[in-house]
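Listing of structure_4.cif; format and content: mmCIF, C-alpha atoms.
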data_target
loop_
_atom_site.label_atom_id
_atom_site.label_comp_id
_atom_site.auth_asym_id
_atom_site.auth_seq_id
_atom_site.Cartn_x
_atom_site.Cartn_y
_atom_site.Cartn_z
CA MET A 11 0.00 0.00 0.00
CA GLY A 12 1.51 3.35 -1.03
CA ILE A 13 2.05 6.43 1.10
CA LYS A 14 -0.62 8.34 -0.83
CA VAL A 15 -3.15 5.72 0.22
CA LEU A 16 -1.98 5.60 3.87
CA LEU A 17 -2.07 9.35 4.49
CA PRO A 18 -5.85 9.73 4.11
CA CYS A 19 -6.33 6.76 6.47
CA PHE A 20 -4.17 8.34 9.15
CA TYR A 21 -6.01 11.64 8.71
CA VAL A 22 -9.40 9.98 9.20
CA LEU A 23 -8.08 8.17 12.30
CA TYR A 24 -6.73 11.45 13.70
CA LEU A 25 -10.10 13.19 13.26
CA PHE A 26 -11.86 10.25 14.88
CA LEU A 27 -9.61 10.39 17.95
CA CYS A 28 -10.00 14.16 18.25
CA PHE A 29 -13.77 13.94 18.39
CA VAL A 30 -14.24 10.62 20.16
CA GLY A 31 -11.22 10.71 22.44
CA PHE A 32 -7.93 8.97 22.99
CA PRO A 33 -7.68 5.88 25.17
CA GLY A 34 -7.90 6.95 28.80
CA SER A 35 -9.85 10.07 27.93
CA ILE A 36 -13.39 11.27 28.58
CA GLU A 37 -15.31 13.13 25.90
CA GLY A 38 -12.05 13.87 24.06
CA ARG A 39 -10.29 15.26 27.16
CA LEU A 40 -7.26 13.39 28.46
CA LEU A 41 -7.61 12.25 32.07
CA LEU A 42 -4.33 12.84 33.85
CA THR A 43 -4.89 10.28 36.58
CA LYS A 44 -7.16 7.26 36.81
CA LYS A 45 -10.04 7.53 39.30
CA PRO A 46 -8.96 5.98 42.63
CA ASP A 47 -10.77 3.16 44.41
CA PRO A 48 -13.77 4.59 46.33
CA LYS A 49 -12.39 2.94 49.48
CA ASN A 50 -9.45 5.35 49.35
CA ALA A 51 -11.20 8.52 50.48
CA ALA A 52 -8.10 10.74 50.56
CA ALA A 53 -7.00 9.75 47.06
CA THR A 54 -10.51 10.21 45.69
CA ALA A 55 -10.77 13.67 47.23
CA ARG A 56 -7.42 14.77 45.81
CA TRP A 57 -8.33 13.30 42.41
CA LEU A 58 -11.60 15.25 42.34
CA VAL A 59 -9.85 18.54 43.10
CA SER A 60 -6.95 17.90 40.72
CA GLN A 61 -9.05 16.85 37.72
CA ASN A 62 -11.68 19.58 37.97
CA SER A 63 -11.34 23.15 36.78
CA TRP A 64 -14.46 24.78 38.25
CA GLY A 65 -16.92 24.46 41.10
CA VAL A 66 -19.41 26.41 43.23
CA LEU A 67 -17.85 28.76 45.78
CA ASN A 68 -20.21 29.71 48.60
CA THR A 69 -19.78 32.78 50.79
CA ILE A 70 -21.75 34.69 53.43
CA SER A 71 -23.50 37.39 51.42
CA SER A 72 -23.07 40.96 52.63
CA ASP A 73 -25.70 42.06 50.11
CA LEU A 74 -28.32 39.53 51.21
CA GLY A 75 -28.20 39.98 54.96
CA GLY A 76 -25.88 37.07 55.65
CA ALA A 77 -27.63 34.52 53.44
CA PRO A 78 -25.40 31.95 51.72
CA PHE A 79 -24.45 32.88 48.16
CA GLY A 80 -23.08 30.38 45.65
CA ASN A 81 -21.12 31.37 42.57
CA VAL A 82 -19.59 29.29 39.77
CA VAL A 83 -15.85 29.98 39.71
CA SER A 84 -12.73 28.60 38.04
CA PHE A 85 -9.93 27.30 40.23
CA SER A 86 -6.70 25.31 40.30
CA ASP A 87 -4.79 23.44 42.98
CA GLY A 88 -1.53 23.32 41.02
CA LEU A 89 0.05 22.69 37.65
CA PRO A 90 -1.64 19.96 35.55
CA ASN A 91 -1.11 16.59 37.21
CA LYS A 92 0.81 18.23 40.09
CA GLY A 93 -2.04 19.34 42.34
CA ARG A 94 -1.40 20.15 46.00
CA GLY A 95 -5.02 19.99 47.13
CA ILE A 96 -5.50 23.65 48.06
CA PRO A 97 -7.88 25.50 45.69
CA TYR A 98 -6.73 28.87 44.37
CA PHE A 99 -8.99 31.43 42.71
CA TYR A 100 -8.61 34.59 40.61
CA LEU A 101 -11.34 36.96 41.75
CA THR A 102 -12.34 40.60 41.53
CA ALA A 103 -14.13 42.65 44.18
CA LEU A 104 -16.47 43.80 41.41
CA ASP A 105 -18.03 40.35 41.92
CA PRO A 106 -19.97 39.53 45.13
CA THR A 107 -17.83 36.50 46.04
CA ALA A 108 -14.60 38.43 46.60
CA ARG A 109 -16.44 41.30 48.31
CA ASP A 110 -18.08 38.85 50.68
CA ALA A 111 -14.80 37.14 51.51
CA LEU A 112 -13.09 40.42 52.35
CA LYS A 113 -15.82 41.11 54.93
CA ASP A 114 -16.47 37.57 56.19
CA ASP A 115 -14.00 34.92 55.06
CA ARG A 116 -16.14 31.89 55.94
CA ALA A 117 -16.69 29.88 52.75
CA SER A 118 -17.24 26.46 51.24
CA PHE A 119 -16.36 25.07 47.83
CA THR A 120 -18.26 22.23 46.15
CA ILE A 121 -16.95 20.09 43.30
CA SER A 122 -18.62 17.20 41.48
CA GLU A 123 -17.16 14.30 39.53
CA TYR A 124 -19.87 14.76 36.90
CA PRO A 125 -18.09 17.45 34.80
CA ILE A 126 -15.03 15.20 34.55
CA GLY A 127 -17.15 12.77 32.55
CA THR A 128 -16.50 9.60 34.55
CA CYS A 129 -19.99 9.22 36.03
CA GLY A 130 -21.41 7.73 32.85
CA LYS A 131 -25.18 8.03 32.53
CA ILE A 132 -26.01 8.09 36.25
CA ASP A 133 -27.50 11.17 37.89
CA PRO A 134 -25.01 13.64 39.45
CA GLU A 135 -26.72 13.11 42.84
CA ASN A 136 -26.06 9.36 42.72
CA PRO A 137 -23.60 8.57 45.56
CA THR A 138 -21.26 6.72 43.18
CA CYS A 139 -20.76 10.00 41.27
CA ALA A 140 -18.33 11.53 43.74
CA LYS A 141 -18.73 15.00 45.16
CA ILE A 142 -16.78 16.99 47.72
CA THR A 143 -17.37 20.13 49.76
CA LEU A 144 -14.35 21.87 51.28
CA THR A 145 -15.22 24.28 54.09
CA GLY A 146 -12.91 26.87 55.58
CA LYS A 147 -11.72 30.46 55.12
CA LEU A 148 -11.39 32.24 51.77
CA LYS A 149 -8.19 34.24 52.16
CA LEU A 150 -6.50 36.84 49.97
CA VAL A 151 -3.01 35.76 48.92
CA ASP A 152 -0.22 38.29 49.48
CA LYS A 153 0.52 39.55 45.98
CA ASN A 154 4.24 39.89 46.74
CA SER A 155 4.67 36.36 48.06
CA LYS A 156 6.01 33.17 46.49
CA GLU A 157 2.56 31.72 47.07
CA ALA A 158 1.11 34.34 44.71
CA GLU A 159 3.59 33.21 42.06
CA PHE A 160 2.47 29.63 42.61
CA ALA A 161 -1.21 30.61 42.42
CA LYS A 162 -0.58 32.49 39.17
CA SER A 163 1.19 29.58 37.48
CA ALA A 164 -1.38 27.10 38.79
CA LEU A 165 -4.37 29.10 37.56
CA PHE A 166 -2.97 30.40 34.28
CA SER A 167 -1.76 26.94 33.27
CA LYS A 168 -5.34 25.65 33.40
CA HIS A 169 -7.21 28.85 32.51
CA ALA A 170 -5.12 30.56 29.84
CA GLU A 171 -7.55 33.42 29.18
CA MET A 172 -7.20 34.68 32.76
CA LYS A 173 -3.93 36.44 31.92
CA ASP A 174 -5.85 38.67 29.50
CA TRP A 175 -8.63 39.66 31.88
CA PRO A 176 -9.00 43.47 32.31
CA GLU A 177 -6.40 45.07 34.57
CA ASP A 178 -8.88 47.73 35.71
CA HIS A 179 -10.98 44.96 37.31
CA SER A 180 -8.20 44.44 39.86
CA PHE A 181 -8.28 40.65 39.95
CA GLN A 182 -6.50 39.11 42.93
CA PHE A 183 -5.47 35.64 44.02
CA PHE A 184 -7.43 33.95 46.78
CA LYS A 185 -7.14 30.52 48.38
CA LEU A 186 -9.39 28.37 50.50
CA GLU A 187 -7.81 27.48 53.83
CA ILE A 188 -9.52 24.14 54.36
CA GLU A 189 -10.91 23.27 57.79
CA ASN A 190 -13.40 20.52 57.01
CA ILE A 191 -13.92 17.98 54.21
CA PHE A 192 -17.25 16.42 53.22
CA LEU A 193 -16.84 13.62 50.67
CA ILE A 194 -19.41 11.30 49.11
CA ASP A 195 -18.01 8.75 46.66
CA TRP A 196 -20.12 5.63 47.37
CA PHE A 197 -23.15 4.40 49.24
CA GLY A 198 -23.13 4.62 53.03
CA GLY A 199 -22.82 8.33 53.73
CA PRO A 200 -19.86 10.73 53.87
CA LYS A 201 -16.37 9.29 54.21
CA PRO A 202 -14.43 10.26 57.33
CA LEU A 203 -11.44 12.26 56.14
CA THR A 204 -9.13 14.56 58.08
CA LEU A 205 -7.28 17.51 56.60
CA ASP A 206 -3.96 15.81 57.37
CA GLN A 207 -5.02 12.66 55.51
CA TYR A 208 -6.20 14.76 52.57
CA LEU A 209 -3.05 16.84 52.24
CA HIS A 210 -0.54 14.06 52.83
CA THR A 211 -2.01 11.21 50.83
CA SER A 212 0.44 9.48 48.52
CA LEU A 213 -0.82 9.23 44.96
CA ASN A 214 1.15 9.37 41.73
CA GLY A 215 0.95 12.80 40.14
CA PHE A 216 -0.10 14.60 43.33
CA THR A 217 2.13 16.70 45.54
CA SER A 218 1.84 16.38 49.31
CA ILE A 219 2.08 19.43 51.53
CA SER A 220 5.12 19.14 53.78
#
Translate this structure into structure tokens?
Amino acid sequence: MGIKVLLPCFYVLYLFLCFVGFPGSIEGRLLLTKKPDPKNAAATARWLVSQNSWGVLNTISSDLGGAPFGNVVSFSDGLPNKGRGIPYFYLTALDPTARDALKDDRASFTISEYPIGTCGKIDPENPTCAKITLTGKLKLVDKNSKEAEFAKSALFSKHAEMKDWPEDHSFQFFKLEIENIFLIDWFGGPKPLTLDQYLHTSLNGFTSIS
């Protein structure tokens, strides 16, 4: 078979893989790490945070008399496949979430496995479709610190358009200082999981906090 005949075949295969997905991918997006066993709560929690790029960030609303306010936000816990478990955000005080946090830093952040694409056809509320809520304090990161440099590289590596967001909106880096972890990844209720277990779990591709 000649090269002229082979080239169209390779092109068709390439298009097929782009639209259908490569092995180990979901909906055409490469999964960096295989989903852990549900029995390993710490690994599952870190996997959820590492593989996701957005979630719902909840604050105490200063505009609504202290009512909870949820907002869809982008986040990152580190460079691709090198997550550290701590969510970082790029927020502006023109948006209620950052304004709320600067007045009352109590917050929670909820992430679902469903957007990753590994839940199949089951409902997002099904316990086998993992979900996690991290509760703690939403803190402003010192813009002159090494942590701010880390937050910038972590966020911009996963959300490239952020670097072009308007300067006059005064975006700043925030992080969630985690105090409590609520994880559902199977039947039987939430998995007991301490912050120490979450941050120091050993899993290929993840970075433990020392």
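Our summary of the geometry notes that atom CA of A:Phe181 is positioned 13.7 Å from atom CA of A:Ala111.
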Report the residues retrieved by the PyMOL selection byres ((chain A and resi 167) around 9) from the displayed file, expressed as a ChimeraX atom specification.
/A:86,88-90,162-166,168-170
Residues picked by the PyMOL selection byres ((chain A and resi 114-119) around 7) here, as a PyMOL selection string?
chain A and resi 65-70+110-113+120-121+143-149
Give me a file of those residues, with C-alpha atoms, as a compact mmCIF listing (two decimals), in the frame of the given file.
# COMPACT_ATOMS: atom_id res chain seq x y z
CA GLY A 65 -16.92 24.46 41.10
CA VAL A 66 -19.41 26.41 43.23
CA LEU A 67 -17.85 28.76 45.78
CA ASN A 68 -20.21 29.71 48.60
CA THR A 69 -19.78 32.78 50.79
CA ILE A 70 -21.75 34.69 53.43
CA ASP A 110 -18.08 38.85 50.68
CA ALA A 111 -14.80 37.14 51.51
CA LEU A 112 -13.09 40.42 52.35
CA LYS A 113 -15.82 41.11 54.93
CA THR A 120 -18.26 22.23 46.15
CA ILE A 121 -16.95 20.09 43.30
CA THR A 143 -17.37 20.13 49.76
CA LEU A 144 -14.35 21.87 51.28
CA THR A 145 -15.22 24.28 54.09
CA GLY A 146 -12.91 26.87 55.58
CA LYS A 147 -11.72 30.46 55.12
CA LEU A 148 -11.39 32.24 51.77
CA LYS A 149 -8.19 34.24 52.16
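Between A:Leu101 and the residues A:Gly75, A:Pro134, A:Pro125, A:Pro176, the shortest atom-to-atom distance, using all atoms listed in the file, involves A:Pro176.
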Top pick for closest residue to A:Ile96, considering A:Lys153, A:Val59, A:Gln182, A:Phe160 and counting all atoms listed in the file
A:Val59
Per residue of stretch 41-67 of chain A within 8 Å of stretch 195-200 of chain A, which atom pair is closest and at what distance in Å (one decimal), using all atoms listed in the file, listed by chain and increasing number, as a Markdown table?
| residue | atom | partner | partner_atom | distance |
| --- | --- | --- | --- | --- |
| A:Pro48 | CA | A:Asp195 | CA | 5.9 |
| A:Ala51 | CA | A:Asp195 | CA | 7.8 |
| A:Thr54 | CA | A:Asp195 | CA | 7.7 |
Would you pick out the contacts of A:Thr128 at 9 Å or less, using only C-alpha atoms, so that residues sharing its chain but fewer than 2 positions from it are not included, and give the list as JSON, numbers by chain?
{"A": [36, 45, 123, 124, 125, 126, 130, 139]}
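Interatomic distance, atom CA of A:Val83 against atom CA of A:Asp174: 16.7 Å.
The coordinates place atom CA of A:Pro106 at 24.3 Å from atom CA of A:Asn154.
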Excluding A:Phe183 and any residue of its chain fewer than 6 positions from it, enumerate the residues within 10 Å of it, using all atoms listed in the file, and give them as a PyMOL selection string.
chain A and resi 98-102+108+149-153+157-159+161-162+165
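Distances from A:Glu135, A:Gly93, A:Leu205, A:Lys44 to A:Glu187 were compared using only C-alpha atoms, and the smallest one belongs to A:Leu205.
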With distances taken over all atoms listed in the file, which residue among A:His210, A:Gly76, A:Thr204, A:Leu104 lies nearest A:Glu189?
A:Thr204
What's around A:Arg109 at 9 Å? Count only C-alpha atoms, leave out sequence neighbours fewer than 6 positions away in its own chain, and write the answer as a PyMOL selection string.
chain A and resi 71-72+102-103
Next, write the just-selected residues to a file, as a compact mmCIF listing (two decimals), in the frame of the given file, keeping C-alpha atoms as the atom set.
# COMPACT_ATOMS: atom_id res chain seq x y z
CA SER A 71 -23.50 37.39 51.42
CA SER A 72 -23.07 40.96 52.63
CA THR A 102 -12.34 40.60 41.53
CA ALA A 103 -14.13 42.65 44.18
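Shortest separation to A:Arg56 among A:Arg94, A:Lys173, A:Lys201, A:Lys141 occurs at residue A:Arg94, atoms counted being only C-alpha atoms.
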